[in-house]
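Asks: Below is the file work-v4.txt, which contains compact mmCIF, C-alpha atoms.
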# COMPACT_ATOMS: atom_id res chain seq x y z
CA MET A 1 -45.12 -62.60 -26.79
CA ARG A 2 -46.92 -62.56 -23.43
CA VAL A 3 -50.57 -63.62 -23.46
CA ALA A 4 -53.15 -62.45 -20.92
CA ILE A 5 -56.65 -63.77 -20.38
CA VAL A 6 -59.06 -61.24 -18.85
CA THR A 7 -62.56 -62.22 -17.78
CA GLY A 8 -65.44 -59.81 -17.43
CA ALA A 9 -63.66 -57.81 -20.13
CA ALA A 10 -66.67 -56.08 -21.67
CA GLN A 11 -66.83 -53.25 -19.14
CA GLY A 12 -65.61 -51.79 -15.86
CA ILE A 13 -62.48 -53.16 -14.21
CA GLY A 14 -62.10 -55.85 -16.86
CA ARG A 15 -62.12 -53.40 -19.73
CA ARG A 16 -59.63 -51.04 -18.10
CA THR A 17 -57.38 -53.96 -17.13
CA ALA A 18 -57.34 -55.13 -20.74
CA GLU A 19 -56.37 -51.63 -21.87
CA VAL A 20 -53.55 -51.38 -19.32
CA LEU A 21 -52.23 -54.81 -20.26
CA ALA A 22 -52.40 -53.93 -23.95
CA GLU A 23 -50.27 -50.87 -23.23
CA ALA A 24 -47.79 -53.22 -21.55
CA GLY A 25 -47.63 -55.35 -24.72
CA TYR A 26 -49.76 -58.37 -23.83
CA ALA A 27 -51.79 -60.16 -26.45
CA LEU A 28 -55.30 -60.49 -25.06
CA ALA A 29 -58.01 -63.11 -24.82
CA LEU A 30 -61.16 -61.31 -23.67
CA LEU A 31 -63.80 -63.46 -21.97
CA ASP A 32 -67.29 -62.35 -21.01
CA VAL A 33 -70.90 -63.46 -21.10
CA LYS A 34 -71.52 -60.68 -23.62
CA ALA A 35 -69.62 -59.30 -26.59
CA CYS A 36 -66.49 -57.23 -25.91
CA ASP A 37 -66.70 -54.99 -28.99
CA ALA A 38 -65.65 -51.75 -27.28
CA THR A 39 -62.76 -53.41 -25.45
CA LEU A 40 -61.55 -55.13 -28.60
CA ALA A 41 -61.56 -51.85 -30.47
CA ALA A 42 -59.68 -50.08 -27.68
CA VAL A 43 -56.89 -52.65 -27.32
CA ARG A 44 -56.41 -53.11 -31.05
CA THR A 45 -55.66 -49.40 -31.41
CA VAL A 46 -52.53 -50.10 -29.34
CA GLY A 47 -51.47 -52.66 -31.93
CA VAL A 48 -51.75 -55.87 -29.92
CA GLU A 49 -53.44 -59.09 -30.97
CA ALA A 50 -56.80 -59.73 -29.32
CA GLU A 51 -59.65 -62.20 -29.54
CA GLU A 52 -62.92 -62.54 -27.65
CA PHE A 53 -64.58 -65.67 -26.28
CA VAL A 54 -68.22 -65.22 -25.30
CA GLY A 55 -70.07 -67.49 -22.92
CA ASP A 56 -71.05 -68.35 -19.36
CA LEU A 57 -67.76 -68.96 -17.55
CA SER A 58 -69.40 -71.13 -14.90
CA ASP A 59 -69.91 -73.69 -17.70
CA GLU A 60 -66.88 -75.97 -17.85
CA ALA A 61 -67.37 -76.60 -21.57
CA VAL A 62 -67.24 -72.85 -22.31
CA VAL A 63 -64.00 -72.52 -20.34
CA ALA A 64 -62.50 -75.53 -22.11
CA ARG A 65 -63.30 -74.03 -25.53
CA ALA A 66 -61.70 -70.73 -24.56
CA ALA A 67 -58.58 -72.44 -23.26
CA GLU A 68 -58.29 -74.47 -26.45
CA GLY A 69 -58.79 -71.32 -28.53
CA VAL A 70 -56.00 -69.54 -26.69
CA LYS A 71 -53.71 -72.55 -27.04
CA GLN A 72 -54.42 -72.86 -30.76
CA ARG A 73 -53.81 -69.17 -31.45
CA TRP A 74 -50.90 -68.37 -29.15
CA GLY A 75 -49.67 -71.64 -27.72
CA ARG A 76 -49.29 -70.25 -24.20
CA ALA A 77 -50.89 -68.37 -21.31
CA ASP A 78 -48.85 -66.01 -19.14
CA LEU A 79 -51.51 -64.22 -17.14
CA LEU A 80 -55.07 -64.98 -16.08
CA VAL A 81 -57.14 -62.18 -14.56
CA ASN A 82 -60.26 -63.64 -12.95
CA ASN A 83 -62.35 -60.49 -12.86
CA ALA A 84 -65.85 -61.57 -13.96
CA GLY A 85 -68.39 -61.46 -11.14
CA ILE A 86 -71.90 -60.55 -10.12
CA SER A 87 -73.28 -58.79 -7.06
CA PHE A 88 -76.38 -59.72 -5.10
CA ILE A 89 -77.81 -57.43 -2.42
CA ALA A 90 -80.54 -58.74 -0.12
CA PRO A 91 -81.03 -59.52 3.58
CA ALA A 92 -79.69 -62.99 4.33
CA GLU A 93 -83.04 -64.27 5.56
CA SER A 94 -84.63 -63.50 2.18
CA VAL A 95 -82.07 -65.23 -0.05
CA ASP A 96 -83.09 -68.58 -1.52
CA GLY A 97 -80.67 -71.37 -2.27
CA LYS A 98 -80.87 -70.99 -6.04
CA ALA A 99 -79.87 -67.31 -5.93
CA PHE A 100 -77.08 -68.01 -3.43
CA LEU A 101 -75.71 -70.83 -5.57
CA ARG A 102 -75.73 -68.70 -8.74
CA VAL A 103 -73.49 -66.11 -7.08
CA LEU A 104 -71.08 -68.88 -6.05
CA GLU A 105 -71.12 -70.32 -9.56
CA VAL A 106 -70.08 -67.05 -11.19
CA ASN A 107 -67.82 -65.63 -8.48
CA LEU A 108 -66.09 -68.77 -7.21
CA LEU A 109 -66.68 -71.82 -9.38
CA ALA A 110 -65.85 -69.97 -12.62
CA PRO A 111 -62.50 -68.65 -11.30
CA PHE A 112 -61.61 -72.18 -10.24
CA LEU A 113 -62.48 -73.63 -13.64
CA LEU A 114 -60.48 -70.90 -15.38
CA ALA A 115 -57.52 -71.33 -13.03
CA LYS A 116 -57.59 -75.06 -13.66
CA ALA A 117 -57.74 -74.70 -17.45
CA PHE A 118 -55.18 -71.92 -17.89
CA GLY A 119 -53.12 -72.86 -14.84
CA THR A 120 -52.50 -76.25 -16.41
CA MET A 121 -50.95 -74.49 -19.41
CA MET A 122 -48.83 -72.34 -17.07
CA LEU A 123 -47.67 -75.38 -15.11
CA GLU A 124 -46.50 -76.99 -18.33
CA GLN A 125 -44.51 -73.81 -19.06
CA ARG A 126 -43.39 -73.60 -15.41
CA SER A 127 -44.25 -69.91 -15.48
CA GLY A 128 -47.31 -67.72 -15.17
CA SER A 129 -49.41 -65.53 -12.93
CA ILE A 130 -53.04 -65.64 -11.86
CA VAL A 131 -54.70 -62.58 -10.33
CA ASN A 132 -58.14 -63.08 -8.81
CA VAL A 133 -60.29 -59.99 -8.36
CA ALA A 134 -61.82 -60.51 -4.93
CA SER A 135 -63.12 -57.62 -2.81
CA ILE A 136 -62.91 -56.07 0.63
CA ALA A 137 -66.09 -58.14 1.02
CA GLY A 138 -63.70 -61.09 1.10
CA LEU A 139 -61.85 -59.57 4.06
CA VAL A 140 -64.71 -58.22 6.21
CA GLY A 141 -68.44 -58.72 6.56
CA ILE A 142 -70.80 -56.29 4.81
CA ALA A 143 -74.51 -56.50 5.59
CA ASP A 144 -77.05 -57.66 2.99
CA ARG A 145 -74.43 -59.44 0.90
CA ALA A 146 -74.28 -62.96 2.33
CA ALA A 147 -73.81 -64.73 -1.00
CA TYR A 148 -71.40 -62.14 -2.42
CA ASN A 149 -69.31 -62.03 0.76
CA ALA A 150 -69.15 -65.81 0.93
CA SER A 151 -68.03 -66.01 -2.70
CA LYS A 152 -65.26 -63.45 -2.21
CA HIS A 153 -64.04 -65.00 1.05
CA GLY A 154 -63.94 -68.28 -0.85
CA LEU A 155 -62.01 -66.71 -3.72
CA ILE A 156 -59.32 -65.50 -1.32
CA GLY A 157 -59.15 -69.00 0.14
CA LEU A 158 -58.79 -70.46 -3.35
CA THR A 159 -56.06 -67.93 -4.11
CA ARG A 160 -54.04 -68.97 -1.07
CA THR A 161 -54.49 -72.67 -1.74
CA LEU A 162 -53.39 -72.47 -5.39
CA ALA A 163 -50.45 -70.28 -4.38
CA ALA A 164 -49.31 -72.94 -1.94
CA GLU A 165 -49.85 -75.73 -4.46
CA TRP A 166 -48.41 -74.12 -7.60
CA GLY A 167 -45.83 -71.59 -6.39
CA GLY A 168 -43.04 -74.15 -6.44
CA ARG A 169 -43.90 -75.00 -10.04
CA GLY A 170 -43.50 -71.46 -11.34
CA VAL A 171 -47.09 -70.20 -11.13
CA ARG A 172 -47.88 -67.36 -8.73
CA VAL A 173 -51.46 -66.78 -7.57
CA ASN A 174 -52.56 -63.54 -5.89
CA ALA A 175 -55.72 -61.52 -5.35
CA VAL A 176 -56.67 -57.88 -5.41
CA CYS A 177 -59.40 -56.75 -3.02
CA PRO A 178 -61.00 -53.54 -4.29
CA GLY A 179 -63.13 -51.28 -2.19
CA TRP A 180 -66.13 -49.71 -3.94
CA VAL A 181 -65.26 -48.93 -7.56
CA LYS A 182 -67.09 -46.54 -9.89
CA THR A 183 -68.30 -48.97 -12.56
CA GLU A 184 -71.50 -50.07 -14.24
CA MET A 185 -72.00 -52.57 -11.39
CA ASP A 186 -72.01 -49.76 -8.85
CA VAL A 187 -74.60 -47.84 -10.87
CA ALA A 188 -76.85 -50.91 -10.96
CA ASP A 189 -76.41 -51.59 -7.24
CA GLN A 190 -77.14 -47.98 -6.27
CA ALA A 191 -80.32 -48.09 -8.34
CA GLY A 192 -81.67 -50.52 -5.75
CA GLY A 193 -81.58 -47.73 -3.17
CA GLY A 194 -79.32 -49.43 -0.65
CA TYR A 195 -76.58 -46.80 -0.64
CA ASN A 196 -75.34 -43.70 -2.43
CA ASP A 197 -72.08 -41.98 -3.29
CA ALA A 198 -71.96 -40.11 0.01
CA ASP A 199 -72.15 -43.38 1.98
CA ILE A 200 -69.02 -44.70 0.29
CA GLU A 201 -67.10 -41.44 0.22
CA GLY A 202 -67.89 -40.79 3.88
CA VAL A 203 -66.51 -44.07 5.20
CA ASN A 204 -63.39 -44.21 3.00
CA PRO A 205 -60.31 -42.52 4.52
CA MET A 206 -59.38 -41.16 1.08
CA GLY A 207 -62.87 -39.79 0.58
CA ARG A 208 -63.55 -41.29 -2.82
CA PHE A 209 -64.39 -44.39 -4.81
CA ALA A 210 -61.65 -46.39 -6.47
CA SER A 211 -61.42 -46.01 -10.22
CA PRO A 212 -61.07 -48.95 -12.60
CA ASP A 213 -57.55 -47.67 -13.29
CA ASP A 214 -56.61 -48.00 -9.60
CA ILE A 215 -57.48 -51.69 -9.73
CA ALA A 216 -55.99 -52.32 -13.18
CA CYS A 217 -52.63 -50.90 -12.13
CA ALA A 218 -52.57 -53.14 -9.04
CA ILE A 219 -53.32 -56.14 -11.27
CA ARG A 220 -50.50 -55.17 -13.62
CA PHE A 221 -48.13 -54.99 -10.64
CA LEU A 222 -49.08 -58.47 -9.41
CA ALA A 223 -48.83 -59.85 -12.94
CA ASP A 224 -45.29 -58.63 -13.58
CA PRO A 225 -42.57 -61.01 -12.32
CA ALA A 226 -40.03 -58.19 -12.54
CA GLN A 227 -42.00 -56.16 -9.98
CA SER A 228 -43.69 -58.79 -7.83
CA GLY A 229 -41.84 -62.01 -8.58
CA PHE A 230 -41.70 -63.12 -4.92
CA VAL A 231 -45.29 -62.12 -4.11
CA ASN A 232 -47.44 -65.24 -3.95
CA GLY A 233 -50.69 -65.95 -2.12
CA HIS A 234 -51.24 -62.34 -1.18
CA ALA A 235 -54.61 -60.56 -0.97
CA LEU A 236 -53.84 -56.93 -1.80
CA ALA A 237 -56.44 -54.47 -0.50
CA VAL A 238 -56.89 -51.61 -2.97
CA ASP A 239 -59.44 -49.77 -0.89
CA GLY A 240 -58.05 -46.38 0.13
CA GLY A 241 -57.55 -47.68 3.68
CA TRP A 242 -61.20 -48.64 4.22
CA THR A 243 -60.48 -51.96 5.94
CA VAL A 244 -57.87 -50.54 8.33
CA ASP A 245 -59.85 -47.51 9.53
CA GLY A 246 -61.44 -48.17 12.91
CA SER A 247 -62.46 -44.55 13.44
CA TRP A 248 -66.01 -43.52 14.24
CA GLN A 249 -67.65 -41.24 11.70
CA SER A 250 -67.24 -37.89 13.45
CA LEU A 251 -63.55 -38.59 14.12
CA ARG A 252 -63.03 -39.73 10.54
CA MET A 253 -64.58 -36.62 9.13
CA ARG A 254 -62.53 -34.32 11.40
CA LYS A 255 -59.39 -35.70 9.77
CA ARG A 256 -60.44 -34.70 6.25
Output the file's structure as structure tokens, nothing else.
Replies:
Amino acid sequence: MRVAIVTGAAQGIGRRTAEVLAEAGYALALLDVKACDATLAAVRTVGVEAEEFVGDLSDEAVVARAAEGVKQRWGRADLLVNNAGISFIAPAESVDGKAFLRVLEVNLLAPFLLAKAFGTMMLEQRSGSIVNVASIAGLVGIADRAAYNASKHGLIGLTRTLAAEWGGRGVRVNAVCPGWVKTEMDVADQAGGGYNDADIEGVNPMGRFASPDDIACAIRFLADPAQSGFVNGHALAVDGGWTVDGSWQSLRMRKR
């Protein structure tokens, strides 16, 4: 039995990733700051074992309890998907240190704590995969997101470091870097008035948002040693070509 740990599993990318992994036969540990009732119900209909662990993942004690729970129930960890994260949109000059630090705690410290806890189990097995959900905001700068961008740049750096450190011991570490995804987080961010659907669709070469399924399928690819067994330390942009398009807007739109 293969066991996957998915964080931020209550909704959005995390929920769809759990469903895709359930279809692939993984038993699932679902971690979130809130209950994962809908996700649990969805994955159990596939017939896989699943359990939730609720708590703040930037708290080392919460992570330790989840790791011990997984070890007691299944005795192993084959995949960790570090998906949980928060956004924070504000001009850099208005962001106070407490708010900046909170974004780093959730988006960077928590993935490290989880990688340490579950990666230790994988190292003992000499096999496993960690997939960190970063962002194109970890590859380029996006205005009004200083804390978020810093956290995602840091997460890609952590990915590369762990890949270098653990790859020779059987544990691969990669990242996916989504562009804008249609999720509950996007709805909340748009409510602040900073952007709308047309802004995202206009700048993306493929003319649309990513779906949670687009990201989940990329995660499944990076998780599977049969498909990506020699991929280690890679940051995979799943962004419809956003970060490679240097066109100006009128030229971009003429190519539609």
Asks: Write out as JSON, numbers by chain which residues come within 8 Å of Gln249 in chain A when counting all atoms listed in the file, dropping same-chain ones fewer than 2 positions away.
Replies: {"A": [202, 203, 247, 251, 252, 253]}
Asks: With C-alpha atoms retained, could you export that selection as an mmCIF file, keeping the file's coordinate frame?
Replies:
data_model
loop_
_atom_site.group_PDB
_atom_site.id
_atom_site.type_symbol
_atom_site.label_atom_id
_atom_site.label_comp_id
_atom_site.auth_asym_id
_atom_site.auth_seq_id
_atom_site.Cartn_x
_atom_site.Cartn_y
_atom_site.Cartn_z
ATOM 1 C CA GLY A 202 -67.890 -40.790 3.880
ATOM 2 C CA VAL A 203 -66.510 -44.070 5.200
ATOM 3 C CA SER A 247 -62.460 -44.550 13.440
ATOM 4 C CA LEU A 251 -63.550 -38.590 14.120
ATOM 5 C CA ARG A 252 -63.030 -39.730 10.540
ATOM 6 C CA MET A 253 -64.580 -36.620 9.130
#
Asks: Would you work out the distance separating CA of Val33 in chain A from CA of Leu155 in chain A, expressed in Å to one decimal?
Replies: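 Answer for the CA of Val33 in chain A to CA of Leu155 in chain A separation: 19.8 Å.
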Asks: Please, which residues in range 99-146 of chain A fall within 12 Å of range 162-165 of chain A when counting all atoms listed in the file, and what is the closest atom pair and distance in Å to one decimal for each, ordered by chain then residue number, as a tab-separated table?
Replies:
residue	atom	partner	partner_atom	distance
A:Pro111	CA	A:Leu162	CA	11.5
A:Phe112	CA	A:Leu162	CA	9.5
A:Ala115	CA	A:Leu162	CA	8.8
A:Lys116	CA	A:Leu162	CA	9.6
A:Gly119	CA	A:Leu162	CA	9.5
A:Thr120	CA	A:Leu162	CA	11.7
A:Leu123	CA	A:Glu165	CA	10.9
A:Gly128	CA	A:Ala163	CA	11.5
A:Ser129	CA	A:Ala163	CA	9.8
A:Ile130	CA	A:Ala163	CA	9.2
A:Val131	CA	A:Ala163	CA	10.6
A:Asn132	CA	A:Leu162	CA	11.1
Asks: Given all atoms listed in the file as the basis, pick out the residue of A:Tyr148, A:Glu52, A:Asp37, A:Thr17 nearest to Asp214 in chain A.
Replies: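 Residue with the minimum atom-to-atom distance to Asp214 in chain A: A:Thr17.
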Asks: When distances are computed from all atoms listed in the file, which of A:Val106, A:Ala235, A:Val3, A:Ala99 shows the smallest separation from Ala218 in chain A?
Replies: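 Of A:Val106, A:Ala235, A:Val3, A:Ala99, the one nearest Ala218 in chain A, counting all atoms listed in the file, is A:Ala235.
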Asks: Which protein, DNA or RNA residues have an atom at most 12 Å from (-65.0, -49.6, -17.8), counting all atoms listed in the file? List them as a ChimeraX atom specification.
Replies: /A:8-20,36,38-39,42,181-187,211-216
Asks: Which one of A:Leu236, A:Leu80, A:Ala150, A:Met121 sits closest to Asn107 in chain A if you count only C-alpha atoms?
Replies: A:Ala150
Asks: Using only C-alpha atoms, which of A:Ala175, A:Ala143, A:Val48, A:Leu40 sits nearest Phe88 in chain A?
Replies: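 Of A:Ala175, A:Ala143, A:Val48, A:Leu40, the one nearest Phe88 in chain A, counting only C-alpha atoms, is A:Ala143.
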Asks: For each of A:Gly192, A:Gly47, A:Gly138, A:Gly170, take the minimum atom-to-atom distance to Ala27 in chain A, counting only C-alpha atoms, then give the residue where this is smallest.
Replies: A:Gly47
Asks: For Met1 in chain A, which residue out of A:Ala110, A:Leu28, A:Leu101, A:Ala223 is the nearest one, using all atoms listed in the file?
Replies: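 Looking only at the distances to Met1 in chain A, the closest residue turns out to be A:Leu28.
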Asks: Work out how far CA of Leu57 in chain A is from CA of His234 in chain A, in Å to one decimal.
Replies: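 Distance between the two atoms: 24.2 Å.
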Asks: How far is it from CA of Thr7 in chain A to CA of Asp239 in chain A, in Å with one decimal?
Replies: 21.2 Å
